[in-house]
Amino acid sequence: MKSVLLIGLGRFGRHTAMKLSDLNCQTMAVDLDEECVNGVLPFVTNAQIGDSTNEEFLYSLGVGNYDVCIVAIGDNFQTSLETASLLKEFGAKKVIARASTGVQEKFLLRNGADEVVYPEKQLAKWTAIRCSSEHIRDYIELDDGNSIFELSVPEDWIGKTVIQVNIRKKYGINILGIKENGKLNMNVAPDTVFAADTSILVLGEQKAIQKCFHI
């Protein structure tokens with residue numbers, strides 16, 4: 001079970017706390033605002049009201065004992081930057097910080113953050129790709145070149161098997177699963193037959209996927 005220190009309980013922080021709860025993580029939540037702290041109590045293991053730029057307070061949380069520290073502060077970049085730097089100074093194993101601009105992203109990475117979450121940029125990219133074709137149902141970028149797509153099964157695939165389509169050999173694309181009626185089947189064999197009204201989960205280079213599925 002992962003232990004998480006979550007600092008900053010605005011909208012982004014609150015939604016993060018809720019999802020961490022779903023994932024059964026042990027979460028310590030911190031914010032200056034008592035109302036924000038009270039709002040996440042149903043979703044966290046513990047919570048404290050405090051200033052994350054106060055060295056004595058932050059040190060008292062034992063940041064080195066958490067698997068990951070998340071800086072979800074979105075309304076004060078100076079506070080976010082100081083918090084990320086202090087967390088690393090006090091022995092945090094992994095620091096993930098939220099950024100609102102590209103400049104903030106660069107500064108955070110230079111001053112303590114191991115990873116940066118840039119929600120607006122990531123959501124904008126996801127929305128653009130998701131809307132670029134009616135065949136794309138979902139999309140996850142793994143790195144600059146490789147992605148996972150959920151796509152409608154092409155009409156000319158219906159009735160054919162995985163080995164007949166053979167996109168792994170032709171395009172280097174792996175079929176991870178087939179989804180039907182909202183249920184994902186990861187047990188895909190060479191003789192699995194593609195059916196109508198289903199979608200597939202594929203992994204590969206984004207350019208190869210776009211070429212293969214004409215998106």
# chains A, B, ... in the order shown; residues from 1 in each chain; ligands from 1
$ residues_around --residues "stretch 88-96 of chain A" --least-positions-apart "6" --cutoff "12 Å" --atoms "only C-alpha atoms" --output "PDB file with C-alpha atoms, in the first residue's frame"
ATOM      1  CA  SER A   3       1.894   6.143   1.393  1.00  0.00           C
ATOM      2  CA  VAL A   4       1.397   9.643   0.003  1.00  0.00           C
ATOM      3  CA  LEU A   5       1.932  13.145   1.331  1.00  0.00           C
ATOM      4  CA  LEU A   6      -0.465  15.444  -0.516  1.00  0.00           C
ATOM      5  CA  ILE A   7       0.123  19.192  -0.142  1.00  0.00           C
ATOM      6  CA  GLU A  55      10.612  24.343   7.507  1.00  0.00           C
ATOM      7  CA  GLU A  56       9.854  23.188  11.047  1.00  0.00           C
ATOM      8  CA  PHE A  57       6.296  22.170  10.168  1.00  0.00           C
ATOM      9  CA  LEU A  58       7.263  20.384   6.952  1.00  0.00           C
ATOM     10  CA  TYR A  59      10.132  18.548   8.641  1.00  0.00           C
ATOM     11  CA  SER A  60       7.769  17.375  11.392  1.00  0.00           C
ATOM     12  CA  LEU A  61       5.726  15.477   8.810  1.00  0.00           C
ATOM     13  CA  GLY A  62       8.590  13.036   8.251  1.00  0.00           C
ATOM     14  CA  VAL A  63       8.565  13.476   4.491  1.00  0.00           C
ATOM     15  CA  GLY A  64      11.185  10.770   3.975  1.00  0.00           C
ATOM     16  CA  ASN A  65       8.737   8.138   5.197  1.00  0.00           C
ATOM     17  CA  TYR A  66       6.319   8.613   2.285  1.00  0.00           C
ATOM     18  CA  ASP A  67       6.606   6.751  -0.998  1.00  0.00           C
ATOM     19  CA  VAL A  68       5.676   9.906  -2.894  1.00  0.00           C
ATOM     20  CA  CYS A  69       5.046  13.570  -2.064  1.00  0.00           C
ATOM     21  CA  ILE A  70       2.606  15.455  -4.287  1.00  0.00           C
ATOM     22  CA  VAL A  71       2.684  19.247  -4.428  1.00  0.00           C
ATOM     23  CA  ALA A  72      -0.781  20.103  -5.736  1.00  0.00           C
ATOM     24  CA  ILE A  73      -0.645  23.834  -4.969  1.00  0.00           C
ATOM     25  CA  SER A  80       4.806  25.430  -4.707  1.00  0.00           C
ATOM     26  CA  LEU A  81       8.435  25.952  -5.691  1.00  0.00           C
ATOM     27  CA  GLU A  82       9.617  26.401  -2.086  1.00  0.00           C
ATOM     28  CA  GLU A 105       7.398  23.200 -15.189  1.00  0.00           C
ATOM     29  CA  LEU A 108      10.033  22.910 -10.598  1.00  0.00           C
ATOM     30  CA  LEU A 109      12.179  20.285 -12.311  1.00  0.00           C
ATOM     31  CA  ARG A 110      15.284  22.321 -11.525  1.00  0.00           C
ATOM     32  CA  ASN A 111      14.340  22.851  -7.888  1.00  0.00           C
ATOM     33  CA  GLY A 112      13.328  19.550  -6.340  1.00  0.00           C
ATOM     34  CA  ALA A 113      10.523  18.022  -8.408  1.00  0.00           C
ATOM     35  CA  ASP A 114      11.221  14.598  -9.903  1.00  0.00           C
ATOM     36  CA  GLU A 115       8.129  14.807 -12.090  1.00  0.00           C
ATOM     37  CA  VAL A 116       5.759  17.596 -13.074  1.00  0.00           C
ATOM     38  CA  VAL A 117       2.057  17.341 -13.792  1.00  0.00           C
ATOM     39  CA  TYR A 118       0.814  20.036 -16.170  1.00  0.00           C
TER      40      TYR A 118
END
$ select_by_dssp --residues "stretch 85-179 of chain A" --states "strand (DSSP E or B)" --output "count of residues only"
27
$ select_by_dssp --residues "chain A" --states "helix (DSSP H, G or I)" --output "JSON, numbers by chain"
{"A": [11, 12, 13, 14, 15, 16, 17, 18, 19, 20, 21, 22, 34, 35, 36, 37, 38, 39, 40, 41, 42, 43, 55, 56, 57, 58, 59, 60, 63, 64, 65, 77, 78, 79, 80, 81, 82, 83, 84, 85, 86, 87, 88, 89, 102, 103, 104, 105, 106, 107, 108, 109, 110, 119, 120, 121, 122, 123, 124, 125, 126, 127, 128, 129, 130, 131, 155, 156, 157, 162, 163, 164, 165, 167, 168, 169, 170, 171, 206, 207, 208, 209, 210, 211, 212, 213]}
$ closest_residue --among "A:Thr53, A:Gln104, A:Ser152, A:Thr198" --to "A:Phe77" --atoms "only C-alpha atoms"
A:Gln104
$ closest_atom_pairs --of "stretch 95-206 of chain A" --to "stretch 13-26 of chain A" --cutoff "12 Å" --atoms "only C-alpha atoms" --output "tab-separated table"
residue	atom	partner	partner_atom	distance
A:Ala97	CA	A:Gly13	CA	10.8
A:Arg98	CA	A:Gly13	CA	9.5
A:Val117	CA	A:Thr16	CA	11.7
A:Pro119	CA	A:Gly13	CA	11.7
$ write_last_selection --atoms "all heavy atoms" --output "compact mmCIF listing (two decimals), in the first residue's frame"
# COMPACT_ATOMS: atom_id res chain seq x y z
N ALA A 97 5.08 17.51 -8.69
CA ALA A 97 4.53 18.85 -8.48
C ALA A 97 3.66 19.28 -9.65
O ALA A 97 3.89 18.89 -10.80
CB ALA A 97 5.66 19.86 -8.29
N ARG A 98 2.67 20.09 -9.34
CA ARG A 98 1.77 20.60 -10.36
C ARG A 98 2.31 21.92 -10.93
O ARG A 98 2.81 22.77 -10.20
CB ARG A 98 0.38 20.86 -9.77
CG ARG A 98 -0.59 21.44 -10.78
CD ARG A 98 -1.84 21.94 -10.14
NE ARG A 98 -2.74 22.51 -11.15
CZ ARG A 98 -3.84 23.17 -10.88
NH1 ARG A 98 -4.19 23.36 -9.62
NH2 ARG A 98 -4.58 23.66 -11.84
N VAL A 117 3.36 17.54 -13.18
CA VAL A 117 2.06 17.34 -13.79
C VAL A 117 1.58 18.71 -14.28
O VAL A 117 1.54 19.66 -13.50
CB VAL A 117 1.04 16.76 -12.78
CG1 VAL A 117 -0.33 16.63 -13.42
CG2 VAL A 117 1.53 15.42 -12.27
N PRO A 119 -1.62 19.85 -15.83
CA PRO A 119 -2.98 19.41 -16.19
C PRO A 119 -3.55 20.08 -17.43
O PRO A 119 -4.12 19.40 -18.29
CB PRO A 119 -3.80 19.78 -14.94
CG PRO A 119 -2.82 19.83 -13.83
CD PRO A 119 -1.56 20.34 -14.45
$ residues_around --residues "A:Gly159" --least-positions-apart "3" --cutoff "8 Å" --atoms "only C-alpha atoms" --output "PyMOL selection string"
chain A and resi 193-195
$ closest_residue --among "A:Ala99, A:Ile209, A:Leu86, A:Val30" --to "A:Ile175" --atoms "only C-alpha atoms"
A:Ile209
$ residues_around --residues "A:Asn146" --least-positions-apart "4" --cutoff "10 Å" --atoms "only C-alpha atoms" --output "list of chain:residue names"
A:Ile140, A:Glu141, A:Leu142, A:Leu203, A:Gly204, A:Glu205, A:Gln206, A:Lys207, A:Ala208, A:Ile209
$ write_last_selection --atoms "C-alpha atoms" --output "PDB file, in the first residue's frame"
ATOM      1  CA  ILE A 140      -2.687   7.713 -23.052  1.00  0.00           C
ATOM      2  CA  GLU A 141       0.730   9.102 -23.948  1.00  0.00           C
ATOM      3  CA  LEU A 142       3.573   7.005 -22.524  1.00  0.00           C
ATOM      4  CA  LEU A 203       0.166   0.093 -27.962  1.00  0.00           C
ATOM      5  CA  GLY A 204       2.770   1.438 -30.355  1.00  0.00           C
ATOM      6  CA  GLU A 205       4.426   4.458 -31.889  1.00  0.00           C
ATOM      7  CA  GLN A 206       1.873   7.201 -32.367  1.00  0.00           C
ATOM      8  CA  LYS A 207       2.833   7.722 -36.021  1.00  0.00           C
ATOM      9  CA  ALA A 208       2.432   4.004 -36.733  1.00  0.00           C
ATOM     10  CA  ILE A 209      -0.994   3.927 -35.053  1.00  0.00           C
TER      11      ILE A 209
END
$ atom_distance --atom1 "atom CA of A:Arg11" --atom2 "atom CA of A:Thr45"
18.7 Å
$ residues_around --residues "A:Val162" --least-positions-apart "6" --cutoff "12 Å" --atoms "only C-alpha atoms" --output "list in words"
Val153, Arg168, Lys169, Ile173, Asn174, Ile175, Leu176, Gly177, Ile178, Asn187, Val188, Ala189, Pro190, Asp191, Thr192, Val193, Phe194, Ala195 and Ile200 of chain A
$ closest_residue --among "A:Lys211, A:Ile136, A:Leu184, A:Asp197" --to "A:Ile167" --atoms "only C-alpha atoms"
A:Lys211
$ atom_distance --atom1 "atom CA of A:Met28" --atom2 "atom CA of A:Pro42"
11.9 Å
$ decode --residues "stretch 81-133 of chain A" --atoms "C-alpha atoms" --output "mmCIF file, in the first residue's frame"
data_model
loop_
_atom_site.group_PDB
_atom_site.id
_atom_site.type_symbol
_atom_site.label_atom_id
_atom_site.label_comp_id
_atom_site.auth_asym_id
_atom_site.auth_seq_id
_atom_site.Cartn_x
_atom_site.Cartn_y
_atom_site.Cartn_z
ATOM 1 C CA LEU A 81 8.435 25.952 -5.691
ATOM 2 C CA GLU A 82 9.617 26.401 -2.086
ATOM 3 C CA THR A 83 7.671 23.355 -0.972
ATOM 4 C CA ALA A 84 9.124 21.128 -3.695
ATOM 5 C CA SER A 85 12.643 22.281 -2.860
ATOM 6 C CA LEU A 86 12.189 21.714 0.887
ATOM 7 C CA LEU A 87 10.678 18.294 0.384
ATOM 8 C CA LYS A 88 13.731 17.169 -1.547
ATOM 9 C CA GLU A 89 16.040 18.769 1.016
ATOM 10 C CA PHE A 90 14.301 16.858 3.816
ATOM 11 C CA GLY A 91 14.733 13.511 2.081
ATOM 12 C CA ALA A 92 11.552 12.978 0.058
ATOM 13 C CA LYS A 93 11.896 9.846 -2.077
ATOM 14 C CA LYS A 94 9.855 11.195 -4.953
ATOM 15 C CA VAL A 95 8.336 14.629 -5.513
ATOM 16 C CA ILE A 96 5.575 15.224 -8.055
ATOM 17 C CA ALA A 97 4.533 18.851 -8.483
ATOM 18 C CA ARG A 98 1.768 20.604 -10.360
ATOM 19 C CA ALA A 99 2.596 23.315 -12.916
ATOM 20 C CA SER A 100 0.310 25.783 -14.671
ATOM 21 C CA THR A 101 2.757 26.981 -17.328
ATOM 22 C CA GLY A 102 5.770 25.689 -19.198
ATOM 23 C CA VAL A 103 8.058 28.057 -17.281
ATOM 24 C CA GLN A 104 6.770 26.732 -13.972
ATOM 25 C CA GLU A 105 7.398 23.200 -15.189
ATOM 26 C CA LYS A 106 11.052 24.012 -15.922
ATOM 27 C CA PHE A 107 11.640 25.735 -12.570
ATOM 28 C CA LEU A 108 10.033 22.910 -10.598
ATOM 29 C CA LEU A 109 12.179 20.285 -12.311
ATOM 30 C CA ARG A 110 15.284 22.321 -11.525
ATOM 31 C CA ASN A 111 14.340 22.851 -7.888
ATOM 32 C CA GLY A 112 13.328 19.550 -6.340
ATOM 33 C CA ALA A 113 10.523 18.022 -8.408
ATOM 34 C CA ASP A 114 11.221 14.598 -9.903
ATOM 35 C CA GLU A 115 8.129 14.807 -12.090
ATOM 36 C CA VAL A 116 5.759 17.596 -13.074
ATOM 37 C CA VAL A 117 2.057 17.341 -13.792
ATOM 38 C CA TYR A 118 0.814 20.036 -16.170
ATOM 39 C CA PRO A 119 -2.978 19.411 -16.187
ATOM 40 C CA GLU A 120 -4.004 22.116 -18.658
ATOM 41 C CA LYS A 121 -1.384 21.106 -21.224
ATOM 42 C CA GLN A 122 -2.038 17.389 -20.826
ATOM 43 C CA LEU A 123 -5.809 17.758 -20.969
ATOM 44 C CA ALA A 124 -5.597 20.029 -24.009
ATOM 45 C CA LYS A 125 -3.466 17.474 -25.842
ATOM 46 C CA TRP A 126 -5.777 14.617 -24.845
ATOM 47 C CA THR A 127 -8.834 16.599 -25.992
ATOM 48 C CA ALA A 128 -7.279 17.512 -29.341
ATOM 49 C CA ILE A 129 -6.265 13.935 -30.108
ATOM 50 C CA ARG A 130 -9.550 12.509 -28.796
ATOM 51 C CA CYS A 131 -11.530 14.834 -31.080
ATOM 52 C CA SER A 132 -9.329 14.408 -34.137
ATOM 53 C CA SER A 133 -11.124 11.214 -35.173
#
